[in-house]
$ cat upload.tsv   # TSV, C-alpha atoms (C1' of nucleotides)
chain	number	residue	atom	x	y	z
A	1	MET	CA	52.05	96.77	154.64
A	2	SER	CA	50.74	99.28	152.12
A	3	ASP	CA	50.76	98.52	148.42
A	4	PRO	CA	50.70	101.71	146.36
A	5	LYS	CA	50.01	99.88	143.10
A	6	PRO	CA	47.05	97.54	143.63
A	7	GLY	CA	47.56	94.37	141.63
A	8	GLY	CA	51.28	95.01	141.43
A	9	ASN	CA	52.06	92.69	144.27
A	10	LEU	CA	52.72	89.61	142.17
A	11	ALA	CA	55.11	91.37	139.80
A	12	VAL	CA	56.95	93.00	142.66
A	13	SER	CA	57.37	89.80	144.60
A	14	ARG	CA	58.43	88.00	141.44
A	15	ASP	CA	61.12	90.56	140.81
A	16	GLU	CA	62.11	90.35	144.43
A	17	ASP	CA	62.31	86.56	144.25
A	18	LEU	CA	64.53	86.68	141.20
A	19	ARG	CA	66.83	89.24	142.79
A	20	GLN	CA	66.96	87.11	145.88
A	21	ALA	CA	68.02	84.13	143.79
A	22	ILE	CA	70.87	86.15	142.32
A	23	GLU	CA	72.02	86.98	145.81
A	24	LEU	CA	71.62	83.43	147.07
A	25	LEU	CA	73.98	82.35	144.32
A	26	PHE	CA	76.45	85.10	145.10
A	27	PHE	CA	76.64	84.59	148.85
A	28	ALA	CA	76.49	80.80	148.79
A	29	TYR	CA	79.27	80.60	146.23
A	30	ARG	CA	81.36	83.22	147.98
A	31	ASP	CA	81.18	81.47	151.34
A	32	PHE	CA	81.43	78.00	149.84
A	33	THR	CA	84.80	78.77	148.26
A	34	ALA	CA	86.22	80.98	151.00
A	35	ARG	CA	87.53	78.26	153.33
A	36	ALA	CA	89.20	76.22	150.64
A	37	ASP	CA	90.75	79.38	149.24
A	38	ALA	CA	92.31	80.08	152.62
A	39	ILE	CA	93.80	76.59	152.83
A	40	LEU	CA	95.15	76.89	149.31
A	41	ALA	CA	96.71	80.27	149.95
A	42	LYS	CA	98.85	78.71	152.70
A	43	GLN	CA	100.25	76.24	150.18
A	44	GLY	CA	100.92	78.95	147.61
A	45	PHE	CA	98.05	77.83	145.45
A	46	GLY	CA	94.85	79.48	144.28
A	47	ARG	CA	91.35	78.49	143.36
A	48	ALA	CA	92.47	77.42	139.91
A	49	HIS	CA	94.71	74.76	141.43
A	50	HIS	CA	91.80	73.50	143.46
A	51	ARG	CA	89.59	73.13	140.42
A	52	VAL	CA	92.25	71.18	138.56
A	53	ILE	CA	92.90	68.89	141.50
A	54	TYR	CA	89.21	68.40	142.06
A	55	PHE	CA	88.33	67.43	138.51
A	56	VAL	CA	91.38	65.24	138.01
A	57	GLY	CA	90.44	63.48	141.23
A	58	ARG	CA	86.91	63.11	140.04
A	59	HIS	CA	87.88	61.82	136.59
A	60	PRO	CA	91.16	59.91	136.87
A	61	GLY	CA	92.85	59.58	133.49
A	62	ILE	CA	91.08	62.64	132.09
A	63	THR	CA	92.73	64.21	129.05
A	64	VAL	CA	93.96	67.79	129.03
A	65	SER	CA	91.40	68.82	126.44
A	66	ALA	CA	88.51	67.31	128.39
A	67	LEU	CA	89.70	69.19	131.44
A	68	LEU	CA	89.84	72.39	129.41
A	69	ASP	CA	86.23	71.83	128.39
A	70	ILE	CA	85.12	71.44	131.98
A	71	LEU	CA	87.02	74.44	133.27
A	72	GLY	CA	86.12	76.67	130.36
A	73	ILE	CA	89.53	78.35	130.20
A	74	THR	CA	92.34	78.48	127.65
A	75	LYS	CA	95.11	75.94	127.52
A	76	GLN	CA	97.62	78.67	128.34
A	77	SER	CA	95.80	79.42	131.56
A	78	LEU	CA	95.56	75.76	132.45
A	79	SER	CA	99.16	75.13	131.50
A	80	ARG	CA	100.56	77.42	134.13
A	81	VAL	CA	98.59	75.78	136.89
A	82	LEU	CA	98.86	72.23	135.63
A	83	SER	CA	102.59	72.26	135.02
A	84	GLN	CA	103.07	73.66	138.50
A	85	LEU	CA	101.03	70.82	139.98
A	86	VAL	CA	102.97	68.27	137.94
A	87	ARG	CA	106.31	69.83	138.88
A	88	GLU	CA	105.40	69.67	142.55
A	89	SER	CA	104.13	66.08	142.24
A	90	TYR	CA	100.44	66.60	142.94
A	91	ILE	CA	99.50	65.30	139.51
A	92	MET	CA	101.18	62.83	137.20
A	93	GLN	CA	100.75	62.39	133.47
A	94	LYS	CA	100.55	59.06	131.68
A	95	LYS	CA	100.93	58.80	127.96
A	96	GLY	CA	97.71	57.52	126.37
A	97	ALA	CA	97.85	53.84	125.42
A	98	GLU	CA	95.50	54.19	122.46
A	99	ASP	CA	96.37	57.73	121.49
A	100	GLY	CA	99.98	58.53	122.24
A	101	ARG	CA	99.39	62.27	121.96
A	102	GLN	CA	97.25	62.37	125.05
A	103	ARG	CA	98.61	63.04	128.52
A	104	LEU	CA	96.20	61.31	130.86
A	105	LEU	CA	96.03	63.02	134.23
A	106	HIS	CA	96.03	61.32	137.62
A	107	LEU	CA	96.42	62.51	141.19
A	108	THR	CA	99.45	61.30	143.08
A	109	GLU	CA	99.08	60.31	146.73
A	110	LYS	CA	100.19	63.82	147.63
A	111	GLY	CA	97.52	65.20	145.31
A	112	ARG	CA	94.85	62.98	146.79
A	113	GLU	CA	95.77	64.21	150.25
A	114	LEU	CA	95.37	67.83	149.27
A	115	GLU	CA	92.13	67.04	147.48
A	116	ARG	CA	90.82	65.40	150.61
A	117	LEU	CA	91.89	68.30	152.77
A	118	LEU	CA	90.08	70.75	150.55
A	119	THR	CA	86.87	68.91	149.79
A	120	THR	CA	86.31	67.41	153.22
A	121	GLU	CA	85.64	70.94	154.32
A	122	GLN	CA	83.28	71.61	151.45
A	123	ARG	CA	81.49	68.29	151.69
A	124	ALA	CA	80.84	68.92	155.36
A	125	ARG	CA	79.32	72.28	154.53
A	126	ILE	CA	77.04	70.76	151.90
A	127	ALA	CA	76.15	67.84	154.15
A	128	ALA	CA	75.08	70.21	156.92
A	129	ALA	CA	72.99	72.25	154.51
A	130	TYR	CA	71.38	69.11	153.08
A	131	ARG	CA	70.67	67.74	156.52
A	132	ALA	CA	69.07	70.99	157.66
A	133	ALA	CA	66.99	71.40	154.52
A	134	GLY	CA	65.71	67.84	154.16
A	135	THR	CA	65.42	65.40	151.28
A	136	ALA	CA	62.66	67.18	149.39
A	137	ALA	CA	64.54	70.47	149.51
A	138	VAL	CA	67.67	68.80	148.17
A	139	GLU	CA	65.73	67.50	145.20
A	140	GLY	CA	64.44	71.01	144.55
A	141	PHE	CA	67.92	72.46	144.88
A	142	ARG	CA	69.20	70.02	142.28
A	143	LYS	CA	66.39	70.83	139.86
A	144	VAL	CA	66.90	74.58	140.09
A	145	MET	CA	70.69	74.38	139.80
A	146	LEU	CA	70.40	72.16	136.73
A	147	GLY	CA	67.99	74.67	135.26
A	148	ILE	CA	70.38	77.55	135.81
A	149	MET	CA	73.36	76.01	134.05
A	150	ASP	CA	73.80	75.72	130.28
A	151	ASP	CA	72.60	72.67	128.36
A	152	ASP	CA	76.15	71.44	127.87
A	153	ALA	CA	76.86	71.39	131.56
A	154	ARG	CA	73.47	69.88	132.36
A	155	ARG	CA	74.28	66.84	130.26
A	156	ARG	CA	77.13	65.97	132.61
A	157	PHE	CA	74.56	65.28	135.29
A	158	LYS	CA	72.28	63.10	133.24
A	159	ILE	CA	73.20	59.87	134.92
A	160	PRO	CA	71.09	57.06	133.42
A	161	GLY	CA	68.75	55.43	135.90
A	162	ARG	CA	68.86	58.38	138.23
B	1	MET	CA	74.89	45.36	142.22
B	2	SER	CA	77.79	44.06	144.24
B	3	ASP	CA	78.51	45.71	147.51
B	4	PRO	CA	81.84	44.70	148.98
B	5	LYS	CA	81.13	46.54	152.21
B	6	PRO	CA	77.64	45.61	153.37
B	7	GLY	CA	75.94	48.75	154.56
B	8	GLY	CA	78.43	50.83	152.64
B	9	ASN	CA	76.04	51.68	149.85
B	10	LEU	CA	74.55	54.60	151.64
B	11	ALA	CA	77.95	56.12	152.32
B	12	VAL	CA	78.98	55.81	148.69
B	13	SER	CA	75.86	57.43	147.34
B	14	ARG	CA	76.11	60.08	150.02
B	15	ASP	CA	79.63	60.92	148.92
B	16	GLU	CA	78.47	61.00	145.33
B	17	ASP	CA	75.61	63.31	146.23
B	18	LEU	CA	77.92	65.69	148.00
B	19	ARG	CA	80.37	65.73	145.12
B	20	GLN	CA	77.50	66.36	142.78
B	21	ALA	CA	76.44	69.34	144.85
B	22	ILE	CA	79.93	70.79	144.58
B	23	GLU	CA	79.71	70.49	140.83
B	24	LEU	CA	76.19	71.88	140.66
B	25	LEU	CA	77.51	74.97	142.39
B	26	PHE	CA	80.51	75.22	140.11
B	27	PHE	CA	78.69	74.84	136.80
B	28	ALA	CA	75.61	76.85	137.74
B	29	TYR	CA	77.73	79.74	138.96
B	30	ARG	CA	80.06	79.56	135.99
B	31	ASP	CA	77.25	79.67	133.45
B	32	PHE	CA	75.19	82.14	135.44
B	33	THR	CA	77.95	84.74	135.34
B	34	ALA	CA	79.25	84.04	131.84
B	35	ARG	CA	76.74	86.09	129.84
B	36	ALA	CA	76.95	89.17	132.03
B	37	ASP	CA	80.74	88.91	131.96
B	38	ALA	CA	80.67	89.02	128.17
B	39	ILE	CA	78.46	92.12	128.16
B	40	LEU	CA	80.73	93.79	130.69
B	41	ALA	CA	83.87	92.98	128.74
B	42	LYS	CA	82.51	94.97	125.79
B	43	GLN	CA	82.19	98.02	128.02
B	44	GLY	CA	85.67	97.58	129.43
B	45	PHE	CA	84.32	96.41	132.76
B	46	GLY	CA	84.66	93.19	134.70
B	47	ARG	CA	82.65	91.17	137.15
B	48	ALA	CA	83.68	93.41	140.00
B	49	HIS	CA	81.97	96.37	138.34
B	50	HIS	CA	78.83	94.31	137.98
B	51	ARG	CA	78.77	93.43	141.64
B	52	VAL	CA	79.17	97.04	142.67
B	53	ILE	CA	76.46	98.22	140.30
B	54	TYR	CA	74.16	95.44	141.38
B	55	PHE	CA	74.41	96.05	145.10
B	56	VAL	CA	74.29	99.82	144.83
B	57	GLY	CA	71.15	99.38	142.72
B	58	ARG	CA	69.73	97.04	145.30
B	59	HIS	CA	70.54	99.29	148.24
B	60	PRO	CA	70.40	102.92	147.11
B	61	GLY	CA	72.29	105.17	149.51
B	62	ILE	CA	74.46	102.35	150.78
B	63	THR	CA	77.67	103.41	152.50
B	64	VAL	CA	81.07	102.38	151.23
B	65	SER	CA	81.77	100.30	154.32
B	66	ALA	CA	78.47	98.44	154.05
B	67	LEU	CA	79.28	97.67	150.44
B	68	LEU	CA	82.70	96.41	151.49
B	69	ASP	CA	81.01	94.08	153.96
B	70	ILE	CA	78.76	92.64	151.30
B	71	LEU	CA	81.49	92.18	148.73
B	72	GLY	CA	84.02	90.81	151.19
B	73	ILE	CA	86.97	92.64	149.61
B	74	THR	CA	89.36	95.35	150.76
B	75	LYS	CA	88.71	99.03	150.31
B	76	GLN	CA	91.70	99.29	148.00
B	77	SER	CA	90.17	96.71	145.69
B	78	LEU	CA	86.81	98.41	145.76
B	79	SER	CA	88.33	101.83	145.31
B	80	ARG	CA	89.70	101.11	141.87
B	81	VAL	CA	86.38	99.84	140.58
B	82	LEU	CA	84.20	102.35	142.40
B	83	SER	CA	86.18	105.43	141.46
B	84	GLN	CA	86.09	104.28	137.85
B	85	LEU	CA	82.31	103.94	137.99
B	86	VAL	CA	81.99	107.36	139.60
B	87	ARG	CA	84.37	108.93	137.09
B	88	GLU	CA	82.34	107.52	134.21
B	89	SER	CA	79.05	108.59	135.79
B	90	TYR	CA	77.50	105.21	136.53
B	91	ILE	CA	77.42	105.92	140.24
B	92	MET	CA	77.15	109.17	142.17
B	93	GLN	CA	78.12	109.86	145.74
B	94	LYS	CA	76.12	111.99	148.15
B	95	LYS	CA	77.57	113.25	151.38
B	96	GLY	CA	75.71	111.76	154.33
B	97	ALA	CA	73.23	114.16	155.92
B	98	GLU	CA	73.58	112.73	159.40
B	99	ASP	CA	77.19	111.64	159.15
B	100	GLY	CA	79.17	113.88	156.85
B	101	ARG	CA	82.00	111.37	156.54
B	102	GLN	CA	79.88	108.92	154.64
B	103	ARG	CA	79.66	108.87	150.86
B	104	LEU	CA	76.23	107.42	150.12
B	105	LEU	CA	76.17	105.60	146.81
B	106	HIS	CA	73.44	105.83	144.18
B	107	LEU	CA	73.14	104.69	140.59
B	108	THR	CA	72.78	107.39	137.96
B	109	GLU	CA	70.35	106.87	135.09
B	110	LYS	CA	73.29	105.57	133.07
B	111	GLY	CA	74.10	103.17	135.89
B	112	ARG	CA	70.53	101.98	136.13
B	113	GLU	CA	70.53	101.27	132.41
B	114	LEU	CA	73.62	99.11	132.65
B	115	GLU	CA	72.25	97.37	135.71
B	116	ARG	CA	69.08	96.57	133.81
B	117	LEU	CA	71.01	95.31	130.82
B	118	LEU	CA	73.03	92.95	132.97
B	119	THR	CA	70.44	91.61	135.34
B	120	THR	CA	67.59	91.28	132.84
B	121	GLU	CA	69.66	88.50	131.34
B	122	GLN	CA	70.28	86.88	134.69
B	123	ARG	CA	66.74	87.26	135.94
B	124	ALA	CA	65.47	85.59	132.79
B	125	ARG	CA	67.79	82.67	133.39
B	126	ILE	CA	66.61	82.28	136.95
B	127	ALA	CA	62.97	82.74	135.96
B	128	ALA	CA	63.26	79.95	133.40
B	129	ALA	CA	64.92	77.64	135.91
B	130	TYR	CA	62.28	78.45	138.54
B	131	ARG	CA	59.46	77.89	136.07
B	132	ALA	CA	60.86	74.55	134.96
B	133	ALA	CA	61.52	73.35	138.49
B	134	GLY	CA	58.26	74.38	140.13
B	135	THR	CA	57.33	76.17	143.33
B	136	ALA	CA	58.25	73.38	145.71
B	137	ALA	CA	61.68	72.99	144.13
B	138	VAL	CA	62.30	76.72	144.44
B	139	GLU	CA	61.58	76.57	148.13
B	140	GLY	CA	64.04	73.70	148.46
B	141	PHE	CA	66.65	75.59	146.46
B	142	ARG	CA	66.32	78.54	148.80
B	143	LYS	CA	66.66	76.38	151.88
B	144	VAL	CA	69.78	74.64	150.67
B	145	MET	CA	71.46	77.82	149.46
B	146	LEU	CA	70.78	79.51	152.78
B	147	GLY	CA	72.28	76.50	154.51
B	148	ILE	CA	75.43	76.67	152.44
B	149	MET	CA	76.27	80.28	153.17
B	150	ASP	CA	77.75	81.63	156.41
B	151	ASP	CA	75.55	82.80	159.25
B	152	ASP	CA	76.38	86.43	158.56
B	153	ALA	CA	75.16	86.21	155.01
B	154	ARG	CA	72.11	84.19	155.96
B	155	ARG	CA	70.92	87.00	158.19
B	156	ARG	CA	70.56	89.25	155.16
B	157	PHE	CA	67.78	87.01	153.94
B	158	LYS	CA	65.86	86.85	157.16
B	159	ILE	CA	62.99	89.03	156.04
B	160	PRO	CA	60.43	89.26	158.84
B	161	GLY	CA	57.09	87.68	158.00
B	162	ARG	CA	58.50	85.63	155.18
C	1	DC	C1'	104.54	57.68	102.07
C	2	DG	C1'	103.74	62.53	102.51
C	3	DA	C1'	100.52	66.16	103.90
C	4	DT	C1'	97.51	67.60	107.24
C	5	DT	C1'	95.14	67.59	111.54
C	6	DT	C1'	95.04	66.91	116.41
C	7	DA	C1'	96.76	66.98	121.30
C	8	DT	C1'	99.66	69.21	123.93
C	9	DG	C1'	103.14	72.54	125.60
C	10	DT	C1'	105.38	76.99	125.89
C	11	DC	C1'	106.89	81.90	125.38
C	12	DA	C1'	105.54	86.66	125.60
C	13	DA	C1'	102.64	90.48	126.55
C	14	DC	C1'	98.72	92.19	128.73
C	15	DA	C1'	94.48	93.03	131.75
C	16	DA	C1'	91.36	92.38	135.73
C	17	DT	C1'	91.01	91.44	140.38
C	18	DA	C1'	92.56	90.60	144.56
C	19	DC	C1'	96.02	91.38	148.47
C	20	DT	C1'	99.18	94.06	152.22
C	21	DG	C1'	101.07	98.17	154.05
C	22	DA	C1'	101.37	102.99	154.56
C	23	DC	C1'	99.68	107.48	154.65
C	24	DG	C1'	96.28	111.44	154.25
C	25	DT	C1'	91.93	114.06	155.02
C	26	DA	C1'	87.58	115.13	156.80
C	27	DT	C1'	84.26	114.48	160.22
C	28	DA	C1'	82.45	112.70	164.54
C	29	DT	C1'	82.85	111.81	169.28
C	30	DG	C1'	84.75	111.46	173.87
D	1	DC	C1'	91.72	118.90	172.15
D	2	DA	C1'	92.63	114.02	171.37
D	3	DT	C1'	91.16	110.06	169.29
D	4	DA	C1'	88.38	107.19	166.40
D	5	DT	C1'	85.92	106.50	162.16
D	6	DA	C1'	84.82	106.81	157.06
D	7	DC	C1'	86.88	107.16	153.08
D	8	DG	C1'	90.53	107.74	149.59
D	9	DT	C1'	94.98	106.83	147.48
D	10	DC	C1'	99.81	105.38	146.38
D	11	DA	C1'	102.95	101.54	145.83
D	12	DG	C1'	104.09	96.89	145.29
D	13	DT	C1'	102.81	92.09	144.46
D	14	DA	C1'	100.21	87.66	143.25
D	15	DT	C1'	96.72	84.93	140.83
D	16	DT	C1'	94.02	84.09	137.06
D	17	DG	C1'	92.51	84.96	132.96
D	18	DT	C1'	93.21	86.58	127.90
D	19	DT	C1'	95.53	86.66	122.62
D	20	DG	C1'	98.84	85.47	119.51
D	21	DA	C1'	102.61	82.86	117.87
D	22	DC	C1'	105.22	78.92	117.49
D	23	DA	C1'	106.93	73.94	118.41
D	24	DT	C1'	106.58	68.86	118.77
D	25	DA	C1'	104.83	64.41	118.53
D	26	DA	C1'	101.39	61.33	117.09
D	27	DA	C1'	97.34	60.16	114.37
D	28	DT	C1'	94.97	60.18	110.14
D	29	DC	C1'	93.84	61.03	105.37
D	30	DG	C1'	94.65	60.78	100.49
$ encode --input "upload.tsv" --output "structure tokens"
Amino acid sequence: MSDPKPGGNLAVSRDEDLRQAIELLFFAYRDFTARADAILAKQGFGRAHHRVIYFVGRHPGITVSALLDILGITKQSLSRVLSQLVRESYIMQKKGAEDGRQRLLHLTEKGRELERLLTTEQRARIAAAYRAAGTAAVEGFRKVMLGIMDDDARRRFKIPGR
Amino acid sequence: MSDPKPGGNLAVSRDEDLRQAIELLFFAYRDFTARADAILAKQGFGRAHHRVIYFVGRHPGITVSALLDILGITKQSLSRVLSQLVRESYIMQKKGAEDGRQRLLHLTEKGRELERLLTTEQRARIAAAYRAAGTAAVEGFRKVMLGIMDDDARRRFKIPGR
DNA sequence: CGATTTATGTCAACAATACTGACGTATATG
DNA sequence: CATATACGTCAGTATTGTTGACATAAATCG
């Protein structure tokens, strides 16, 4: 294929690679969330509910403020979703033993069921992608994703001995 | 390292790996979009405007229906954002030469400027992550991301000879 | 102990983005 | 000429996010 600017190939392909990465992120994220969104919509919930259920499931006993940090939203935004999930018995709150101001969050059995329903789908998608790409590719994927996120988020993944 | 279920170690770490992947996607996407979102907010725009500007910039002369396909939203949703961008001269529409019903979309100079402002930021972030991770990791990243998205989206990336 | 800070919740108003459904217009095509 | 397609728009609604203000209970500091 013709190259009008000799020597410009590297810069062009670099720009193309970066644009491609932007699109990889867009399409992968879009499709990754689409199925779970559809399941949630049937239950009258949205993506925000999923995120809360997911992270409470992942970190049982998490405080409200820690959850706010992870989600990166305001407490008013979380409140609407969280109180709905508590009201409908997907999540229960336990008063902190050490600090009585804290409301430690846990999934109920009903919450765990919904969590399973939602993430089984997503885990299967990831598992298939991992399987198809191979171990070395997975390691590369992890490196690049860690590099894309902010330092604060990256620290969450620094598991000692890993 | 106690293992109550002999042979269960693999399954546990597999589950952990899959959960980690979910979170890599969440945090990388969240942080990747955050900066551009902030720039857009100052101009009275949102993420939807960015997506439209990005894909029109990427595919000059794209039709409205092709753009709808890419974005995966309804025409009513696009209409609000697109007509705003046309009204404020970020995008111009040209009647299709072959098919007069089509409104082929192009960025204006003003639109190109905003596109540059937004994606320069994002390209730099990707470039840094790519640099830090290395060539092999980038190839792995691409493989996994392609595996995560739906078949339809994956076809967009099938560039012959690549 | 009293003052202040912290953790959490809640009310109100607002904006962006998405949806469904219905209808209209211009152009292409059978 | 009839129908299908490309696009636009009006109306109504839901979810998710924002600010700002205010309230309560518990911890902590002086």
$ calpha_fit_and_write --input "upload.tsv" --fixed "chain B" --moving "chain A" --output "CSV table (one decimal) with C-alpha atoms, keeping the file's coordinate frame"
chain,number,residue,atom,x,y,z
A,1,MET,CA,75.0,47.0,139.7
A,2,SER,CA,77.4,45.1,141.9
A,3,ASP,CA,78.2,46.5,145.4
A,4,PRO,CA,81.6,45.1,146.6
A,5,LYS,CA,81.1,46.3,150.1
A,6,PRO,CA,77.7,45.2,151.4
A,7,GLY,CA,76.2,47.9,153.6
A,8,GLY,CA,78.4,50.5,152.1
A,9,ASN,CA,75.8,51.8,149.7
A,10,LEU,CA,74.5,54.5,152.0
A,11,ALA,CA,77.9,56.0,152.7
A,12,VAL,CA,78.9,55.8,149.1
A,13,SER,CA,75.8,57.5,147.8
A,14,ARG,CA,76.1,60.1,150.6
A,15,ASP,CA,79.6,60.9,149.5
A,16,GLU,CA,78.5,61.0,145.9
A,17,ASP,CA,75.6,63.3,146.8
A,18,LEU,CA,77.9,65.7,148.6
A,19,ARG,CA,80.4,65.7,145.7
A,20,GLN,CA,77.5,66.3,143.3
A,21,ALA,CA,76.4,69.3,145.3
A,22,ILE,CA,79.9,70.8,145.1
A,23,GLU,CA,79.7,70.4,141.3
A,24,LEU,CA,76.2,71.8,141.1
A,25,LEU,CA,77.5,74.9,142.8
A,26,PHE,CA,80.5,75.1,140.5
A,27,PHE,CA,78.7,74.7,137.2
A,28,ALA,CA,75.7,76.7,138.1
A,29,TYR,CA,77.8,79.6,139.3
A,30,ARG,CA,80.1,79.4,136.3
A,31,ASP,CA,77.3,79.5,133.8
A,32,PHE,CA,75.3,82.0,135.7
A,33,THR,CA,78.0,84.6,135.6
A,34,ALA,CA,79.4,83.8,132.1
A,35,ARG,CA,76.9,85.8,130.0
A,36,ALA,CA,77.1,88.9,132.2
A,37,ASP,CA,80.8,88.7,132.1
A,38,ALA,CA,80.8,88.7,128.3
A,39,ILE,CA,78.6,91.8,128.3
A,40,LEU,CA,80.8,93.6,130.8
A,41,ALA,CA,84.0,92.7,128.9
A,42,LYS,CA,82.6,94.7,125.9
A,43,GLN,CA,82.3,97.8,128.0
A,44,GLY,CA,85.8,97.4,129.5
A,45,PHE,CA,84.4,96.2,132.8
A,46,GLY,CA,84.7,93.0,134.8
A,47,ARG,CA,82.7,91.1,137.3
A,48,ALA,CA,83.7,93.4,140.1
A,49,HIS,CA,82.0,96.3,138.4
A,50,HIS,CA,78.9,94.2,138.0
A,51,ARG,CA,78.8,93.4,141.7
A,52,VAL,CA,79.2,97.0,142.7
A,53,ILE,CA,76.5,98.2,140.3
A,54,TYR,CA,74.2,95.4,141.4
A,55,PHE,CA,74.4,96.1,145.1
A,56,VAL,CA,74.3,99.8,144.7
A,57,GLY,CA,71.2,99.3,142.6
A,58,ARG,CA,69.7,97.0,145.2
A,59,HIS,CA,70.5,99.3,148.1
A,60,PRO,CA,70.4,103.0,146.9
A,61,GLY,CA,72.2,105.3,149.3
A,62,ILE,CA,74.4,102.5,150.7
A,63,THR,CA,77.6,103.6,152.4
A,64,VAL,CA,81.0,102.5,151.1
A,65,SER,CA,81.7,100.5,154.3
A,66,ALA,CA,78.4,98.7,154.0
A,67,LEU,CA,79.3,97.8,150.5
A,68,LEU,CA,82.7,96.6,151.6
A,69,ASP,CA,81.0,94.3,154.1
A,70,ILE,CA,78.7,92.8,151.4
A,71,LEU,CA,81.5,92.3,148.9
A,72,GLY,CA,84.0,91.0,151.4
A,73,ILE,CA,87.0,92.8,149.8
A,74,THR,CA,89.4,95.5,150.8
A,75,LYS,CA,88.6,99.2,150.3
A,76,GLN,CA,91.6,99.4,148.0
A,77,SER,CA,90.1,96.8,145.8
A,78,LEU,CA,86.8,98.5,145.8
A,79,SER,CA,88.3,101.9,145.3
A,80,ARG,CA,89.7,101.1,141.9
A,81,VAL,CA,86.4,99.8,140.6
A,82,LEU,CA,84.2,102.3,142.3
A,83,SER,CA,86.2,105.4,141.4
A,84,GLN,CA,86.1,104.2,137.8
A,85,LEU,CA,82.3,103.8,137.9
A,86,VAL,CA,82.0,107.3,139.4
A,87,ARG,CA,84.4,108.8,136.9
A,88,GLU,CA,82.4,107.3,134.0
A,89,SER,CA,79.1,108.4,135.6
A,90,TYR,CA,77.5,105.1,136.4
A,91,ILE,CA,77.4,105.9,140.1
A,92,MET,CA,77.1,109.1,141.9
A,93,GLN,CA,78.1,109.9,145.5
A,94,LYS,CA,76.0,112.1,147.9
A,95,LYS,CA,77.4,113.4,151.1
A,96,GLY,CA,75.6,111.9,154.1
A,97,ALA,CA,73.1,114.4,155.6
A,98,GLU,CA,73.5,113.0,159.1
A,99,ASP,CA,77.1,111.9,158.9
A,100,GLY,CA,79.0,114.1,156.6
A,101,ARG,CA,81.9,111.6,156.3
A,102,GLN,CA,79.8,109.1,154.4
A,103,ARG,CA,79.5,109.0,150.6
A,104,LEU,CA,76.1,107.6,149.9
A,105,LEU,CA,76.1,105.7,146.6
A,106,HIS,CA,73.4,105.8,144.0
A,107,LEU,CA,73.1,104.6,140.4
A,108,THR,CA,72.8,107.3,137.7
A,109,GLU,CA,70.4,106.7,134.8
A,110,LYS,CA,73.4,105.3,132.9
A,111,GLY,CA,74.2,103.0,135.7
A,112,ARG,CA,70.6,101.8,136.0
A,113,GLU,CA,70.6,101.0,132.3
A,114,LEU,CA,73.7,98.9,132.6
A,115,GLU,CA,72.3,97.2,135.6
A,116,ARG,CA,69.2,96.3,133.7
A,117,LEU,CA,71.1,95.0,130.8
A,118,LEU,CA,73.1,92.7,133.0
A,119,THR,CA,70.5,91.4,135.4
A,120,THR,CA,67.7,91.0,132.9
A,121,GLU,CA,69.8,88.2,131.4
A,122,GLN,CA,70.4,86.7,134.8
A,123,ARG,CA,66.8,87.1,136.0
A,124,ALA,CA,65.6,85.4,132.9
A,125,ARG,CA,67.9,82.4,133.6
A,126,ILE,CA,66.7,82.1,137.2
A,127,ALA,CA,63.0,82.5,136.1
A,128,ALA,CA,63.4,79.7,133.6
A,129,ALA,CA,65.0,77.5,136.2
A,130,TYR,CA,62.3,78.3,138.8
A,131,ARG,CA,59.5,77.7,136.3
A,132,ALA,CA,61.0,74.3,135.3
A,133,ALA,CA,61.6,73.2,138.8
A,134,GLY,CA,58.3,74.3,140.4
A,135,THR,CA,57.3,76.1,143.6
A,136,ALA,CA,58.3,73.4,146.0
A,137,ALA,CA,61.7,73.0,144.5
A,138,VAL,CA,62.3,76.7,144.7
A,139,GLU,CA,61.6,76.6,148.4
A,140,GLY,CA,64.0,73.8,148.8
A,141,PHE,CA,66.6,75.6,146.8
A,142,ARG,CA,66.3,78.6,149.1
A,143,LYS,CA,66.6,76.5,152.2
A,144,VAL,CA,69.8,74.7,151.0
A,145,MET,CA,71.4,77.9,149.8
A,146,LEU,CA,70.8,79.6,153.1
A,147,GLY,CA,72.2,76.7,154.9
A,148,ILE,CA,75.4,76.8,152.8
A,149,MET,CA,76.2,80.4,153.5
A,150,ASP,CA,77.7,81.8,156.7
A,151,ASP,CA,75.5,83.1,159.5
A,152,ASP,CA,76.3,86.7,158.7
A,153,ALA,CA,75.1,86.4,155.2
A,154,ARG,CA,72.1,84.4,156.2
A,155,ARG,CA,70.8,87.2,158.3
A,156,ARG,CA,70.5,89.4,155.2
A,157,PHE,CA,67.7,87.2,154.1
A,158,LYS,CA,65.7,87.1,157.3
A,159,ILE,CA,62.9,89.2,156.1
A,160,PRO,CA,60.3,89.5,158.8
A,161,GLY,CA,57.0,88.0,157.9
A,162,ARG,CA,58.5,85.9,155.2
$ residues_around --input "upload.tsv" --residues "D:DA11" --least-positions-apart "3" --cutoff "12 Å" --atoms "all atoms listed in the file" --output "NGL selection string"
(:B and (76)) or (:C and (20-23))
$ interface_residues --input "upload.tsv" --of "chain A" --to "chain C" --cutoff "12 Å" --atoms "all atoms listed in the file" --output "PyMOL selection string"
chain A and resi 41+46+63-66+68+75-80+82-83+93+95-96+99-104
$ interface_residues --input "upload.tsv" --of "chain D" --to "chain B" --cutoff "8 Å" --atoms "only C-alpha atoms (C1' of nucleotides)" --output "JSON, numbers by chain"
{"D": [6, 7, 8]}
$ interface_residues --input "upload.tsv" --of "chain B" --to "chain A" --cutoff "6 Å" --atoms "all atoms listed in the file" --output "JSON, numbers by chain"
{"B": [18, 28, 31, 123, 129, 133, 137, 140, 141, 143, 144, 145, 147, 148, 149]}
$ closest_residue --input "upload.tsv" --among "B:Thr108, B:Gly61, B:Arg116, B:Ala48" --to "B:Arg87" --atoms "all atoms listed in the file"
B:Thr108
